[in-house]
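Enquirer: Sharing run_6.cif (mmCIF, C-alpha atoms) below.
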data_query
loop_
_atom_site.label_atom_id
_atom_site.label_comp_id
_atom_site.auth_asym_id
_atom_site.auth_seq_id
_atom_site.Cartn_x
_atom_site.Cartn_y
_atom_site.Cartn_z
CA MET A 608 13.64 -1.23 5.04
CA SER A 609 11.45 -1.96 8.04
CA VAL A 610 10.72 -5.52 6.99
CA GLY A 611 14.44 -6.17 6.61
CA HIS A 612 14.90 -5.24 10.26
CA VAL A 613 11.94 -7.41 11.25
CA ALA A 614 13.47 -10.37 9.39
CA ARG A 615 16.90 -9.95 10.93
CA ALA A 616 15.56 -9.57 14.49
CA MET A 617 13.03 -12.42 14.22
CA GLU A 618 15.66 -14.74 12.77
CA ASP A 619 18.05 -13.76 15.56
CA SER A 620 15.36 -14.84 18.04
CA GLY A 621 15.16 -18.30 16.42
CA ILE A 622 12.25 -17.92 13.98
CA ALA A 623 12.87 -18.76 10.33
CA THR A 624 11.93 -15.93 7.97
CA VAL A 625 11.55 -15.39 4.26
CA VAL A 626 11.07 -11.93 2.74
CA ILE A 627 9.16 -11.49 -0.52
CA ALA A 628 10.07 -8.14 -2.10
CA SER A 629 9.68 -6.35 -5.39
CA GLY A 630 12.98 -6.35 -7.26
CA VAL A 631 12.79 -2.58 -7.60
CA PHE A 632 14.37 -2.64 -4.13
CA SER A 633 16.92 -5.35 -4.94
CA ASP A 634 19.98 -3.22 -4.06
CA ARG A 635 18.56 -2.12 -0.73
CA MET A 636 17.25 -5.54 0.27
CA THR A 637 20.45 -7.31 -0.74
CA ALA A 638 22.53 -4.81 1.26
CA MET A 639 20.61 -5.81 4.41
CA HIS A 640 21.89 -9.40 4.11
CA LEU A 641 18.55 -11.01 4.92
CA PRO A 642 18.37 -14.67 5.92
CA ARG A 643 16.14 -15.65 2.94
CA LEU A 644 14.92 -13.29 0.22
CA VAL A 645 12.71 -13.76 -2.84
CA LEU A 646 12.89 -10.91 -5.36
CA THR A 647 10.11 -10.63 -7.92
CA ASP A 648 10.16 -8.49 -11.05
CA PHE A 649 6.84 -6.86 -10.25
CA PRO A 650 6.26 -3.14 -9.65
CA MET A 651 6.43 -1.39 -6.31
CA GLY A 652 3.54 -2.18 -3.98
CA ARG A 653 2.63 -5.47 -5.72
CA PRO A 654 5.47 -7.85 -4.84
CA LEU A 655 3.38 -11.02 -5.23
CA GLY A 656 2.04 -10.10 -8.65
CA ALA A 657 -0.88 -8.29 -10.19
CA PRO A 658 -4.37 -8.01 -8.65
CA ASN A 659 -6.36 -11.23 -9.18
CA ASP A 660 -3.40 -13.09 -10.68
CA ASN A 661 -3.96 -15.87 -8.17
CA LYS A 662 -1.72 -18.31 -10.04
CA THR A 663 1.35 -16.08 -9.92
CA GLN A 664 0.72 -15.06 -6.31
CA ARG A 665 0.66 -18.75 -5.39
CA GLU A 666 3.85 -19.47 -7.36
CA VAL A 667 5.67 -16.64 -5.58
CA LEU A 668 4.65 -18.08 -2.19
CA LEU A 669 5.76 -21.55 -3.28
CA ALA A 670 9.14 -20.08 -4.27
CA ALA A 671 9.40 -18.53 -0.79
CA LEU A 672 8.52 -21.85 0.87
CA ASP A 673 11.04 -23.61 -1.33
CA LEU A 674 13.68 -21.23 0.02
CA ILE A 675 12.56 -22.07 3.56
CA ASP A 676 13.15 -25.74 2.69
CA HIS A 677 16.45 -25.42 0.88
CA ALA A 678 18.42 -22.36 2.03
CA LYS A 679 21.54 -23.42 3.91
CA GLN A 680 22.84 -20.03 5.05
CA GLY A 681 21.90 -16.39 5.56
CA GLY A 682 21.93 -14.16 2.50
CA SER A 683 20.11 -16.76 0.36
CA ILE A 684 18.35 -15.06 -2.56
CA GLN A 685 15.90 -16.48 -5.08
CA ILE A 686 14.94 -14.45 -8.16
CA PHE A 687 11.34 -15.04 -9.28
CA ASN A 688 10.94 -14.30 -12.98
CA GLY A 689 7.35 -13.96 -14.08
CA ASN A 690 5.12 -11.77 -16.16
CA TYR A 691 2.98 -9.12 -14.51
CA ARG A 692 -0.50 -10.18 -15.59
CA PRO A 693 -3.48 -8.29 -14.13
CA GLY A 694 -6.67 -10.31 -14.06
CA ASN A 695 -4.98 -13.67 -14.68
CA GLU A 696 -7.35 -15.64 -12.46
CA MET B 705 2.45 31.31 -17.23
CA THR B 706 5.79 30.32 -15.67
CA GLU B 707 7.77 27.67 -17.52
CA GLU B 708 8.31 24.48 -15.53
CA THR B 709 11.72 22.81 -15.62
CA ILE B 710 12.16 19.03 -15.73
CA SER B 711 13.67 19.27 -12.28
CA GLN B 712 10.52 20.92 -10.91
CA PHE B 713 8.36 18.49 -12.85
CA LYS B 714 10.03 15.36 -11.42
CA LYS B 715 9.96 16.75 -7.87
CA SER B 716 6.22 17.32 -8.10
CA PHE B 717 5.61 13.54 -8.15
CA ASN B 718 7.49 13.07 -4.88
CA TYR B 719 4.87 14.31 -2.38
CA GLY B 720 4.41 17.50 -4.39
CA SER B 721 1.59 18.91 -6.51
CA ARG B 722 1.47 15.72 -8.64
CA SER B 723 2.13 13.34 -5.74
CA ASP B 724 2.06 9.81 -7.16
CA MET B 725 3.61 6.92 -5.27
CA ASN B 726 4.17 4.89 -8.46
CA TYR B 727 6.31 7.65 -9.93
CA LYS B 728 7.88 9.38 -6.92
CA PHE B 729 11.08 7.59 -7.98
CA LEU B 730 11.41 10.13 -10.81
CA ASN B 731 12.83 12.53 -8.25
CA GLU B 732 15.78 10.15 -7.76
CA LEU B 733 16.71 10.22 -11.47
CA SER B 734 18.72 12.82 -13.37
CA ASP B 735 16.74 15.23 -15.55
CA GLU B 736 18.11 13.43 -18.61
CA ALA B 737 16.96 10.04 -17.31
CA VAL B 738 13.47 11.43 -16.62
CA ALA B 739 13.28 12.72 -20.19
CA THR B 740 14.41 9.32 -21.49
CA PHE B 741 11.86 7.52 -19.31
CA LEU B 742 9.02 9.62 -20.72
CA GLN B 743 10.23 9.48 -24.31
CA GLU B 744 10.60 5.69 -24.20
CA LEU B 745 7.24 5.32 -22.42
CA LEU B 746 5.48 7.25 -25.17
CA TRP B 747 7.27 5.28 -27.88
CA LYS B 748 6.30 1.98 -26.27
CA LEU B 749 2.71 3.20 -25.89
CA GLY B 750 2.77 3.76 -29.65
CA ASP B 751 3.69 0.11 -30.14
CA THR B 752 0.96 -0.90 -27.69
CA LEU B 753 -1.59 1.10 -29.66
CA ASP B 754 -0.92 -1.28 -32.52
CA ASP B 755 -0.65 -4.64 -30.78
CA GLY B 756 -2.36 -4.13 -27.41
CA ASP B 757 0.60 -5.68 -25.58
CA LEU B 758 0.92 -4.00 -22.17
CA GLU B 759 3.81 -6.16 -21.01
CA ARG B 760 6.38 -3.71 -22.41
CA ILE B 761 4.76 -0.89 -20.41
CA PHE B 762 4.84 -2.90 -17.16
CA LYS B 763 8.50 -3.78 -17.76
CA HIS B 764 9.41 -0.18 -18.59
CA ILE B 765 7.87 1.14 -15.36
CA TYR B 766 9.50 -1.65 -13.34
CA GLN B 767 12.94 -1.02 -14.84
CA TYR B 768 12.81 2.69 -14.13
CA GLN B 769 11.46 2.18 -10.62
CA GLN B 770 14.49 -0.06 -10.08
CA LYS B 771 16.81 2.67 -11.40
CA GLY B 772 15.14 5.14 -9.04
CA TYR B 773 15.72 2.93 -6.00
CA ALA B 774 19.20 1.76 -7.01
CA GLY B 775 21.93 1.89 -4.39
CA SER B 776 22.27 0.20 -1.04
CA GLY B 777 20.39 2.80 1.01
CA ARG B 778 20.91 3.58 4.68
CA PHE B 779 21.30 0.07 6.03
CA SER B 780 24.03 -2.34 5.07
CA TYR B 781 25.00 -5.49 6.98
CA ALA B 782 27.69 -8.08 6.35
CA ALA B 783 25.94 -11.08 7.90
CA SER B 784 22.68 -12.25 9.45
CA ALA B 785 21.49 -14.86 11.89
CA PHE B 786 20.18 -18.03 10.28
CA THR B 787 17.72 -20.42 11.91
CA LYS B 788 18.06 -24.00 10.75
CA ILE B 789 14.75 -25.62 9.83
CA GLU B 790 14.07 -28.74 11.85
CA ARG B 791 10.80 -29.84 10.23
CA PRO B 792 9.33 -30.02 6.72
CA LYS B 793 7.18 -27.03 5.79
CA ASN B 794 4.03 -29.12 5.81
CA GLU B 795 4.56 -29.51 9.56
CA MET B 796 5.45 -25.88 10.22
CA ARG B 797 3.21 -23.13 11.56
CA PHE B 798 3.58 -19.95 9.50
CA ALA B 799 2.52 -16.38 10.17
CA LEU B 800 2.41 -13.33 7.90
CA ILE B 801 3.74 -9.86 8.69
CA ALA B 802 3.58 -7.18 6.00
CA SER B 803 4.53 -3.51 6.09
CA THR B 804 1.49 -2.70 3.96
CA GLY B 805 -0.71 -0.59 6.23
CA HIS B 806 -3.66 -3.01 6.33
CA PHE B 807 -6.16 -3.05 9.18
CA VAL B 808 -9.64 -4.41 9.84
CA ARG B 809 -12.57 -2.05 9.26
CA GLY B 810 -13.56 -0.55 12.61
CA GLN B 811 -10.07 -1.09 14.07
CA ASP B 812 -8.27 1.84 12.46
CA PRO B 813 -5.00 2.44 14.36
CA LYS B 814 -5.78 6.17 14.00
CA PRO B 815 -2.26 7.52 13.48
CA PHE B 816 -1.74 10.85 15.27
CA GLY B 817 -5.26 10.43 16.69
CA VAL B 818 -6.84 11.26 13.32
CA GLU B 819 -10.22 9.63 12.60
CA ASP B 820 -10.59 8.07 9.14
CA MET B 821 -7.29 9.38 7.79
CA SER B 822 -7.36 9.24 3.98
CA GLN B 823 -4.61 7.94 1.74
CA ASN B 824 -3.91 11.51 0.60
CA GLN B 825 -3.65 12.70 4.19
CA ALA B 826 -1.22 9.86 4.94
CA GLU B 827 0.95 10.92 2.00
CA GLU B 828 0.88 14.53 3.19
CA ARG B 829 2.11 13.44 6.65
CA ILE B 830 4.81 11.03 5.48
CA THR B 831 7.57 12.93 7.28
CA GLU B 832 5.72 12.54 10.57
CA PHE B 833 5.11 8.83 9.90
CA LEU B 834 8.86 8.38 9.45
CA ARG B 835 9.37 9.52 13.06
CA LEU B 836 6.62 7.29 14.48
CA GLU B 837 6.91 3.96 16.31
CA PRO B 838 5.08 1.40 14.15
CA GLU B 839 2.02 -0.38 15.48
CA LEU B 840 1.01 -3.92 14.52
CA SER B 841 -2.56 -4.40 13.33
CA SER B 842 -3.95 -7.88 13.99
CA ILE B 843 -5.95 -9.23 11.08
CA PRO B 844 -7.83 -12.54 11.37
CA THR B 845 -6.90 -14.62 8.35
CA ASN B 846 -10.57 -15.19 7.49
CA THR B 847 -11.29 -11.44 7.26
CA PRO B 848 -13.62 -10.81 4.29
CA PRO B 849 -12.13 -8.53 1.61
CA ASP B 850 -14.73 -5.81 2.24
CA GLN B 851 -13.64 -5.63 5.89
CA LEU B 852 -9.95 -5.24 5.07
CA MET B 853 -8.73 -1.64 4.81
CA VAL B 854 -5.39 -0.30 3.65
CA ARG B 855 -3.70 3.09 4.02
CA HIS B 856 0.00 3.85 3.67
CA GLY B 857 1.66 7.13 2.79
CA GLY B 858 4.58 5.48 1.00
CA TYR B 859 3.14 3.44 -1.86
CA ASP B 860 0.20 3.34 -4.26
CA VAL B 861 -2.44 1.25 -2.47
CA ARG B 862 -4.78 0.91 -5.46
CA GLY B 863 -3.46 -2.55 -6.37
CA ALA B 864 -3.93 -3.70 -2.76
CA ILE B 865 -7.48 -2.30 -2.73
CA LYS B 866 -8.34 -4.32 -5.83
CA ASP B 867 -6.80 -7.48 -4.37
CA HIS B 868 -5.07 -7.53 -0.98
CA ASN B 869 -3.12 -10.64 -2.03
CA VAL B 870 -0.74 -8.49 -4.13
CA ASN B 871 1.09 -7.72 -0.89
CA PHE B 872 -0.96 -9.27 1.94
CA PRO B 873 -1.53 -12.84 0.68
CA ILE B 874 -3.86 -14.24 3.34
CA ASP B 875 -6.10 -15.97 0.79
CA ARG B 876 -3.21 -17.70 -0.96
CA LEU B 877 -1.71 -18.81 2.38
CA ASN B 878 -5.09 -20.14 3.53
CA GLU B 879 -5.23 -22.18 0.30
CA LEU B 880 -1.73 -23.58 0.82
CA ALA B 881 -2.65 -24.58 4.38
CA ALA B 882 -5.92 -26.20 3.22
CA GLU B 883 -3.97 -28.21 0.65
CA GLY B 884 -1.48 -29.34 3.29
CA LEU B 885 1.50 -27.67 1.59
CA ILE B 886 2.18 -25.83 4.84
CA GLY B 887 1.35 -27.20 8.26
CA GLU B 888 -0.69 -24.23 9.42
CA PHE B 889 -1.32 -20.57 8.62
CA SER B 890 -1.58 -18.83 11.96
CA SER B 891 -4.36 -16.34 12.66
CA PRO B 892 -4.16 -13.41 13.07
CA ALA B 893 -1.82 -12.12 10.39
CA TYR B 894 -0.16 -8.78 11.01
CA SER B 895 0.38 -5.53 9.15
CA PHE B 896 2.01 -2.22 9.99
CA VAL B 897 3.00 0.97 8.20
CA GLY B 898 6.57 0.37 7.11
CA ALA B 899 7.25 4.07 6.68
CA CYS B 900 8.23 4.53 10.33
CA SER B 901 11.18 5.29 12.61
CA GLN B 902 13.72 2.52 12.14
CA MET B 903 15.21 3.27 15.56
CA ARG B 904 11.84 3.02 17.32
CA LEU B 905 11.02 -0.11 15.33
CA GLN B 906 14.23 -1.82 16.41
CA ASN B 907 14.48 -0.60 19.99
CA HIS B 908 10.85 -0.48 21.10
CA ALA B 909 8.47 -2.31 18.78
CA LEU B 910 10.46 -5.38 17.74
CA PRO B 911 11.17 -6.75 21.23
CA ARG B 912 7.39 -6.83 21.83
CA TRP B 913 6.64 -8.27 18.41
CA ILE B 914 9.22 -11.04 18.90
CA GLU B 915 7.63 -11.96 22.22
CA LYS B 916 4.18 -12.06 20.61
CA ILE B 917 5.29 -14.25 17.71
CA HIS B 918 7.04 -16.68 20.05
CA SER B 919 3.95 -16.86 22.27
CA GLU B 920 1.96 -17.95 19.19
CA LEU B 921 4.40 -20.83 18.61
CA ILE B 922 5.26 -19.66 15.11
CA ASP B 923 7.97 -21.64 13.28
CA GLY B 924 8.23 -19.56 10.13
CA LEU B 925 7.42 -16.01 9.05
CA ILE B 926 6.43 -14.81 5.60
CA LEU B 927 7.43 -11.14 5.46
CA VAL B 928 6.33 -8.71 2.79
CA PRO B 929 7.71 -5.18 2.36
CA VAL B 930 6.28 -2.60 -0.03
#
Write the structure described by the file as structure tokens, please.
Expert:
Amino acid sequence: MSVGHVARAMEDSGIATVVIASGVFSDRMTAMHLPRLVLTDFPMGRPLGAPNDNKTQREVLLAALDLIDHAKQGGSIQIFNGNYRPGNE
Amino acid sequence: MTEETISQFKKSFNYGSRSDMNYKFLNELSDEAVATFLQELLWKLGDTLDDGDLERIFKHIYQYQQKGYAGSGRFSYAASAFTKIERPKNEMRFALIASTGHFVRGQDPKPFGVEDMSQNQAEERITEFLRLEPELSSIPTNTPPDQLMVRHGGYDVRGAIKDHNVNFPIDRLNELAAEGLIGEFSSPAYSFVGACSQMRLQNHALPRWIEKIHSELIDGLILVPV
């Protein structure tokens, strides 16, 4: 939950934040009421997707940037649905 | 030979004799749920033997990890600050902070003064890590993959060793900056071991980190927990 505390404190200091987390922690991350949160359905330790799945990793980051652009209030959550595809270069 | 109960079996994955960060969540499940997880896993593997489709295995592991970590945990807040964005993202300067335990080869933060601590040693000392003030490692965003190290006693780092972008996406962010989709990706990026004292993080480390990030004129932070 360390990153949740980093997000809350950084945002409080005036810096916009977006957290990208594996959805296995969705209850815990949601409970922290983060300013902007992207939840992916990828396993623990690999929140942006599988190793060498460059395309999905990029799409997850674009979803996070989209939330930076469009979120209007704290607690904004975007669910990223994608397949976990190792080696999808 | 002594019979092993399911309860003993599931505990062994959580920093025990079968310590495995991917499956330490088993210890959070009931004995019945552990039995169901294994039974369903084996059944699905049978299907995969016939069609080679691994997707059902990935989903099964994900779903049970989620069951293991269900519940709101120790920290619950009703609201948060919210910084309004004044500029489009292609004019913003972004930085990355991840709780992944990455560091540059030759700049090992040496937790507890230990030289070349292994992943196994980090797992063995997880309780001590959880009392420690976290330390930020600075990582130039052009660091070659073979110079980027990772060690963290709380998660399975094998995916990150194969490709750091699974949780420390410096290559993808460099690409987005080169394409002009973000204004700038600030160097260095930062990593720390997220398994740390939350009190020391909030009271001691974060005030310094906030000062550092402001001094680098960062507009937006990409944050990645593991």
Enquirer: Write out as a Markdown table the residues of region 775-886 of chain B that have any atom within 12 Å of an atom of region 659-662 of chain A, one row each with the nearest atom pair and its distance in Å to one decimal, counting all atoms listed in the file, sorted by chain and then rising number.
Expert:
| residue | atom | partner | partner_atom | distance |
| --- | --- | --- | --- | --- |
| B:Gly863 | CA | A:Asn659 | CA | 9.6 |
| B:Ala864 | CA | A:Asn659 | CA | 10.2 |
| B:Ile865 | CA | A:Asn659 | CA | 11.1 |
| B:Lys866 | CA | A:Asn659 | CA | 7.9 |
| B:Asp867 | CA | A:Asn659 | CA | 6.1 |
| B:His868 | CA | A:Asn659 | CA | 9.1 |
| B:Asn869 | CA | A:Asn659 | CA | 7.9 |
| B:Val870 | CA | A:Asn659 | CA | 8.0 |
| B:Asn871 | CA | A:Asn659 | CA | 11.7 |
| B:Pro873 | CA | A:Asn661 | CA | 9.7 |
| B:Ile874 | CA | A:Asn661 | CA | 11.6 |
| B:Asp875 | CA | A:Asn661 | CA | 9.2 |
| B:Arg876 | CA | A:Asn661 | CA | 7.5 |
| B:Leu877 | CA | A:Asn661 | CA | 11.2 |
| B:Glu879 | CA | A:Asn661 | CA | 10.6 |
Enquirer: To test your reading of the syntax: which residues would the PyMOL selection byres ((chain B and resi 738-748) around 8) return for the file shown? Reply as a count of residues only.
Expert: 16
Enquirer: Give me, as an MDAnalysis selection string, the residues of chain A touching chain B, with the criterion being at most 6 Å (counting only C-alpha atoms).
Expert: chainID A and resid 609:610 618:619 621:628 631 634:635 638:640 642 650 652:656 658 665 681
Enquirer: For the atom pair CA of Asn878 (chain B) and CA of Gln823 (chain B), what is the interatomic distance in Å to one decimal place?
Expert: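 We find that CA of Asn878 (chain B) and CA of Gln823 (chain B) lie 28.1 Å from each other.
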Enquirer: Can you spell out as a ChimeraX atom specification the set of residues that the PyMOL selection byres ((chain B and resi 841-853) around 8) selects in the structure I just provided?
Expert: /B:806-809,813,839-840,854-855,865,868,874-875,878,890-896
Enquirer: May I have the residues from that selection written out with C-alpha atoms, as a tab-separated table (two decimals), in the frame of the given file?
Expert:
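Heads up, here's the output in out-v6.tsv:
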chain	number	residue	atom	x	y	z
B	806	HIS	CA	-3.66	-3.01	6.33
B	807	PHE	CA	-6.16	-3.05	9.18
B	808	VAL	CA	-9.64	-4.41	9.84
B	809	ARG	CA	-12.57	-2.05	9.26
B	813	PRO	CA	-5.00	2.44	14.36
B	839	GLU	CA	2.02	-0.38	15.48
B	840	LEU	CA	1.01	-3.92	14.52
B	854	VAL	CA	-5.39	-0.30	3.65
B	855	ARG	CA	-3.70	3.09	4.02
B	865	ILE	CA	-7.48	-2.30	-2.73
B	868	HIS	CA	-5.07	-7.53	-0.98
B	874	ILE	CA	-3.86	-14.24	3.34
B	875	ASP	CA	-6.10	-15.97	0.79
B	878	ASN	CA	-5.09	-20.14	3.53
B	890	SER	CA	-1.58	-18.83	11.96
B	891	SER	CA	-4.36	-16.34	12.66
B	892	PRO	CA	-4.16	-13.41	13.07
B	893	ALA	CA	-1.82	-12.12	10.39
B	894	TYR	CA	-0.16	-8.78	11.01
B	895	SER	CA	0.38	-5.53	9.15
B	896	PHE	CA	2.01	-2.22	9.99
Enquirer: Quote the spacing between CA of His908 (chain B) and CA of Val613 (chain A) in Å to one decimal place.
Expert: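 That distance, rounded to one decimal, is 12.1 Å.
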Enquirer: Restricting the calculation to all atoms listed in the file: of A:Met608, A:Ile684, A:Glu666, A:Gly689, which residue gets closest to Asp648 (chain A)?
Expert: A:Gly689
Enquirer: Which distance in Å separates CA of His856 (chain B) and CA of Asn731 (chain B), to one decimal?
Expert: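 These two atoms are separated by 19.5 Å.
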Enquirer: Tell me which of A:Arg643, A:His612, A:Gly630, A:Ser620 sits closest to Ile675 (chain A), counting all atoms listed in the file.
Expert: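 Nearest to Ile675 (chain A): A:Arg643.
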Enquirer: If you apply the PyMOL selection byres ((chain B and resi 826) around 9) to this file, what residues do you get, as a tab-separated table (two decimals) with C-alpha atoms, keeping the file's coordinate frame?
Expert:
chain	number	residue	atom	x	y	z
B	815	PRO	CA	-2.26	7.52	13.48
B	821	MET	CA	-7.29	9.38	7.79
B	822	SER	CA	-7.36	9.24	3.98
B	823	GLN	CA	-4.61	7.94	1.74
B	824	ASN	CA	-3.91	11.51	0.60
B	825	GLN	CA	-3.65	12.70	4.19
B	827	GLU	CA	0.95	10.92	2.00
B	828	GLU	CA	0.88	14.53	3.19
B	829	ARG	CA	2.11	13.44	6.65
B	830	ILE	CA	4.81	11.03	5.48
B	833	PHE	CA	5.11	8.83	9.90
B	855	ARG	CA	-3.70	3.09	4.02
B	856	HIS	CA	0.00	3.85	3.67
B	857	GLY	CA	1.66	7.13	2.79
B	858	GLY	CA	4.58	5.48	1.00
